[in-house]
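J.: Dropping a structure here in structure tokens format, bear with me for questions.
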Amino acid sequence: MLLVRTVSGPAEVVAQTTATYRATSFNMSNPPAELLRQINWEIKIDRETVARFDDAGDTLRFDVPASMTGETIRVMPFVNSPSPVVSVLSRIVDEGSIHQESSNLIILSRADWGARTDLLRLGAIVDRSRRTKVFIHHTVIVDNDATANQWESVDEVKQKMRQLQTVRRQDLGADVPYSMVAFCMANGDLILGEGRGIDRSGAHTSGHNTAALGISFQGDFEHHPVPAQFNSQIAALSNWLRQLREQQGFVNLGTERPMGREVFAHRDVRASDCPGVHIFNRLSAIRFL
Ligand SMILES: [Zn+2]
């Protein structure tokens, strides 16, 4: 019998538009079309079923009614019975709010932030298909103003990336230990500074540095709260991870994950606060599968 293993769909949908969801992997490779046609879909808000589509196939195009604005829907493809394990969450927003709240994602390459080229770039090349999981960290380096976990300028980000290149020289070597470093900007943007990068092993999570991408938020999220636009910033991070998986060859990313979440916290595998309680409490909102 056919079983759906994974599903993809948007993190945010504007009400009164059509959202597309896809069943993306199964218990068999290349299932025949007649089996795919038997896939049903159920949509829930909290525990209540709000829509059901029988024999809709592996792709669902859902016209989101205005009445769902402000809700988060859980979309589940299934053959036998729906399960939150194989589901995707979409926040339904109205058109006005998505413009206010949407975060731009900006990637700063090592050349962009001015990595020192006299220091050897560290990390061994890792094939994209070998990446199976994501670990989230925080750097515990804060901004010295009233908003410790929020950054005001791109120049500040570049300077902090250069600091990260050598700050753990003694124990982790003279390079940024993480794959990428995330900066929550005051204007709502999310900047990802390239550390080791997405194609090299890291030095962020002992025992997991080859199979995992390590993303670290710049700040101390144990002792300081998340910034005001954090929800849309982690939605931007989720979209970036989804794009890696669906379009850039990270086809196995997310096949290893903890119960109830799609990303690991550093503290899932080590006695540590990392990535801080304020991020830890929001980790289930990082969704890319
Ligand atoms: Zn950590």
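Following the order of the structure tokens, first chain is A, next is B, and so on, with residues numbered from 1 inside each chain and ligands from 1 in the order they appear.
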What do you get as an NGL selection string if you pick all residues at most 7 Å from ligand 1, counting only C-alpha atoms and all ligand atoms?
T.: :A and (136-138 or 204-205 or 266 or 274-275)
J.: Using only C-alpha atoms, I'd like a table of the residues in range 175-288 of chain A that come within 8 Å of range 114-132 of chain A; for each, show the closest atom pair and its distance in Å rounded to one decimal, ordered by chain and ascending number, as a Markdown table.
T.:
| residue | atom | partner | partner_atom | distance |
| --- | --- | --- | --- | --- |
| A:Asp175 | CA | A:Leu122 | CA | 6.2 |
| A:Arg196 | CA | A:Gly123 | CA | 6.5 |
| A:Asp199 | CA | A:Val126 | CA | 5.4 |
| A:Arg200 | CA | A:Ile125 | CA | 4.4 |
| A:Ser201 | CA | A:Gly123 | CA | 4.7 |
| A:Gly202 | CA | A:Gly123 | CA | 5.9 |
| A:Thr210 | CA | A:Val126 | CA | 6.8 |
| A:Ala211 | CA | A:Arg131 | CA | 4.6 |
| A:Ala212 | CA | A:Arg131 | CA | 5.6 |
| A:Leu213 | CA | A:Arg131 | CA | 7.0 |
| A:Gly249 | CA | A:Arg128 | CA | 5.9 |
| A:Phe250 | CA | A:Arg128 | CA | 5.0 |
| A:Val251 | CA | A:Ser129 | CA | 5.8 |
| A:Asn252 | CA | A:Thr132 | CA | 5.1 |
| A:Leu253 | CA | A:Thr132 | CA | 4.1 |
| A:Gly254 | CA | A:Thr132 | CA | 5.4 |
| A:Thr255 | CA | A:Thr132 | CA | 5.5 |
| A:Glu256 | CA | A:Thr132 | CA | 5.6 |
J.: Identify which of the residues A:Asp189, A:Glu12, A:Asp46, A:Glu194 lies closest to Pro177 in chain A, counting only C-alpha atoms when measuring atom-to-atom distances.
T.: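 Result for the nearest residue to Pro177 in chain A: A:Glu194.
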J.: Using only C-alpha atoms, find the one residue out of A:Leu289, A:Ser206, A:Lys158, A:Val134 that sits nearest to Pro258 in chain A.
T.: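 When distances to Pro258 in chain A are compared using only C-alpha atoms, the smallest one comes from A:Val134.
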J.: Range 5-158 of chain A: which residues are helix (DSSP H, G or I) by DSSP, as a PyMOL selection string?
T.: chain A and resi 33-36+66-68+95-101+110-113+128-130+154-158
J.: Write to file, as a short mmCIF file (atom, residue, chain, number, x, y, z; two decimals), in the first residue's frame, the residues of the selection just made, with N, CA and C atoms.
T.:
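As written to disk, again.cif reads:
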data_model
loop_
_atom_site.label_atom_id
_atom_site.label_comp_id
_atom_site.auth_asym_id
_atom_site.auth_seq_id
_atom_site.Cartn_x
_atom_site.Cartn_y
_atom_site.Cartn_z
N ALA A 33 0.68 6.05 -11.18
CA ALA A 33 -0.32 7.13 -11.15
C ALA A 33 -1.62 6.69 -10.48
N GLU A 34 -2.00 5.41 -10.68
CA GLU A 34 -3.30 5.00 -10.10
C GLU A 34 -3.24 4.98 -8.57
N LEU A 35 -2.04 4.75 -8.01
CA LEU A 35 -1.91 4.83 -6.54
C LEU A 35 -1.90 6.28 -6.08
N LEU A 36 -1.19 7.14 -6.83
CA LEU A 36 -1.13 8.56 -6.45
C LEU A 36 -2.52 9.18 -6.42
N ALA A 66 -11.67 33.53 2.86
CA ALA A 66 -11.36 34.71 3.70
C ALA A 66 -11.61 34.41 5.18
N SER A 67 -12.56 33.51 5.45
CA SER A 67 -12.90 33.21 6.84
C SER A 67 -11.75 32.58 7.62
N MET A 68 -10.72 32.08 6.93
CA MET A 68 -9.58 31.46 7.63
C MET A 68 -8.47 32.46 7.97
N GLU A 95 -3.97 40.27 2.77
CA GLU A 95 -2.98 40.80 1.83
C GLU A 95 -2.20 41.96 2.43
N GLY A 96 -2.88 42.82 3.21
CA GLY A 96 -2.21 43.95 3.84
C GLY A 96 -1.06 43.51 4.73
N SER A 97 -1.32 42.49 5.56
CA SER A 97 -0.31 42.14 6.56
C SER A 97 0.91 41.49 5.95
N ILE A 98 0.73 40.76 4.84
CA ILE A 98 1.91 40.10 4.28
C ILE A 98 2.90 41.14 3.76
N HIS A 99 2.41 42.25 3.27
CA HIS A 99 3.33 43.28 2.82
C HIS A 99 4.08 43.92 3.99
N GLN A 100 3.36 44.17 5.07
CA GLN A 100 4.02 44.73 6.24
C GLN A 100 5.02 43.75 6.84
N GLU A 101 4.64 42.50 6.88
CA GLU A 101 5.39 41.56 7.70
C GLU A 101 6.40 40.73 6.94
N ARG A 110 31.04 35.19 1.85
CA ARG A 110 32.29 35.49 2.56
C ARG A 110 32.98 36.70 1.94
N ALA A 111 32.91 36.80 0.61
CA ALA A 111 33.51 37.97 -0.05
C ALA A 111 32.75 39.23 0.35
N ASP A 112 31.42 39.11 0.45
CA ASP A 112 30.60 40.28 0.82
C ASP A 112 30.97 40.81 2.20
N TRP A 113 31.18 39.91 3.18
CA TRP A 113 31.48 40.41 4.53
C TRP A 113 32.97 40.58 4.77
N ARG A 128 25.70 17.58 -1.33
CA ARG A 128 24.42 18.11 -0.83
C ARG A 128 23.44 17.02 -0.41
N SER A 129 23.49 15.88 -1.10
CA SER A 129 22.53 14.81 -0.79
C SER A 129 22.85 14.14 0.56
N ARG A 130 24.02 14.40 1.12
CA ARG A 130 24.37 13.81 2.42
C ARG A 130 23.85 14.63 3.60
N VAL A 154 23.92 46.74 7.91
CA VAL A 154 24.67 45.68 7.23
C VAL A 154 26.15 45.75 7.60
N ASP A 155 26.67 46.98 7.81
CA ASP A 155 28.08 47.10 8.21
C ASP A 155 28.36 46.42 9.55
N GLU A 156 27.38 46.55 10.45
CA GLU A 156 27.49 45.88 11.75
C GLU A 156 27.55 44.35 11.55
N VAL A 157 26.72 43.85 10.65
CA VAL A 157 26.70 42.41 10.37
C VAL A 157 28.05 41.95 9.83
N LYS A 158 28.60 42.72 8.89
CA LYS A 158 29.89 42.35 8.29
C LYS A 158 30.98 42.30 9.36
#
J.: Please return, as number ranges by chain, all residues of range 43-123 of chain A that DSSP assigns to strand (DSSP E) on the basis of the backbone.
T.: A: 43-45, 48-53, 59-63, 72-78, 88-93, 105-108
J.: Generate a file of the selected residues that holds C-alpha atoms, formatted as a compact mmCIF listing (two decimals), in the first residue's frame.
T.:
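And here is the file that came out, part_26.txt:
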# COMPACT_ATOMS: atom_id res chain seq x y z
CA ILE A 43 -7.13 20.27 6.58
CA LYS A 44 -7.43 21.05 10.28
CA ILE A 45 -7.49 24.15 12.43
CA GLU A 48 -11.19 20.51 14.00
CA THR A 49 -11.38 19.26 10.43
CA VAL A 50 -12.28 22.21 8.20
CA ALA A 51 -11.90 20.64 4.74
CA ARG A 52 -11.45 17.22 3.20
CA PHE A 53 -10.65 16.17 -0.36
CA THR A 59 -1.08 17.74 -5.56
CA LEU A 60 -3.74 19.76 -3.78
CA ARG A 61 -4.72 23.22 -4.92
CA PHE A 62 -6.65 24.74 -2.07
CA ASP A 63 -8.68 27.93 -2.46
CA THR A 72 -2.94 28.42 11.03
CA ILE A 73 -4.06 25.43 9.01
CA ARG A 74 -2.52 21.96 9.11
CA VAL A 75 -2.64 20.25 5.71
CA MET A 76 -2.28 16.45 5.69
CA PRO A 77 -2.13 14.13 2.68
CA PHE A 78 -2.93 10.51 3.47
CA VAL A 88 2.51 21.15 6.67
CA LEU A 89 1.42 24.28 8.55
CA SER A 90 0.37 27.44 6.71
CA ARG A 91 -0.46 30.73 8.35
CA ILE A 92 -3.36 32.45 6.60
CA VAL A 93 -2.84 36.20 6.37
CA LEU A 105 16.24 37.30 2.97
CA ILE A 106 19.69 38.63 2.19
CA ILE A 107 22.70 36.35 1.79
CA LEU A 108 26.11 37.83 2.53
J.: Do a neighbour search on Lys160 in chain A at 10 Å with only C-alpha atoms, toss out local chain neighbours closer than 5 positions, and write the hits as a ChimeraX atom specification.
T.: /A:113,141-143,154-155,165,167,181,183,193,218
J.: Record the distance separating CA of Thr6 in chain A and CA of Ile191 in chain A, expressed in Å with one decimal.
T.: 28.3 Å
J.: With distances taken over only C-alpha atoms, which of A:Gln248, A:Ser29, A:Ser8, A:Ser238 is nearest to Ser87 in chain A?
T.: A:Ser8
J.: Quick one, how far is CA of Ile234 in chain A from CA of Arg168 in chain A?
T.: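 Pair CA of Ile234 in chain A / CA of Arg168 in chain A returns 26.2 Å.
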J.: Could you jot down the CA of Leu283 in chain A to CA of Gln163 in chain A separation for me, Å, one decimal place?
T.: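 Here the two named atoms are 26.5 Å from each other.
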J.: May I have the residues within 10 Å of Ser153 in chain A as an MDAnalysis selection string, using only C-alpha atoms and disregarding those fewer than 6 positions away in the same chain?
T.: chainID A and resid 185:187
J.: Next, the residues of the selection above should be written as a PDB file, in the first residue's frame with N, CA and C atoms.
T.:
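Result file follows (selection25.pdb):
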ATOM      1  N   MET A 185      17.291  41.665  11.525  1.00  0.00           N
ATOM      2  CA  MET A 185      17.528  43.099  11.321  1.00  0.00           C
ATOM      3  C   MET A 185      16.338  43.923  11.831  1.00  0.00           C
ATOM      4  N   ALA A 186      16.641  45.141  12.258  1.00  0.00           N
ATOM      5  CA  ALA A 186      15.607  46.023  12.803  1.00  0.00           C
ATOM      6  C   ALA A 186      14.523  46.340  11.778  1.00  0.00           C
ATOM      7  N   ASN A 187      14.875  46.369  10.484  1.00  0.00           N
ATOM      8  CA  ASN A 187      13.875  46.684   9.452  1.00  0.00           C
ATOM      9  C   ASN A 187      13.055  45.461   9.061  1.00  0.00           C
TER      10      ASN A 187
END
J.: Counting only C-alpha atoms, which of A:Ser284, A:Ser109, A:Thr147, A:Gln247 gets nearest to Val263 in chain A?
T.: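 When distances to Val263 in chain A are compared using only C-alpha atoms, the smallest one comes from A:Ser284.
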